[in-house]
Amino acid sequence: MRAHVIIFVLLMLFFVLPADVSAQCSICTKTAQQLGEKPAKALNMGIVYLGLTPLIIMGYIGYRWWKSDH
């Protein structure tokens with residue numbers, strides 16, 4: 001039960017707190033500057049999405065593995 005509360009609080013903080021994340025390498029930054037502001041933001045969000053997806057999956061698998069041992 002306590003783990004559910006912790007996960008809920010972390011998720012709420014993740015969605016509520018604003019974060020300006022810049023995930024572009026130097027090549028992507030130059031490309032984004034040429035595209036304009038809106039496409040650059042979309043490119044950055046795509047990079048963040050592609051980076052977070054495997055981390056969330058690995059976190060879920062690790063959590064399930066940890067819970068199966070206890």
# chains A, B, ... in the order shown; residues from 1 in each chain; ligands from 1
$ closest_atom_pairs --of "range 37-61 of chain A" --to "range 24-30 of chain A" --cutoff "9 Å" --atoms "only C-alpha atoms" --output "CSV"
residue,atom,partner,partner_atom,distance
A:Ala40,CA,A:Thr29,CA,8.0
A:Leu43,CA,A:Cys28,CA,8.3
A:Asn44,CA,A:Gln24,CA,6.3
A:Ile47,CA,A:Gln24,CA,7.2
A:Val48,CA,A:Gln24,CA,8.8
$ residues_around --residues "range 55-68 of chain A" --least-positions-apart "6" --cutoff "12 Å" --atoms "only C-alpha atoms" --output "count of residues only"
6
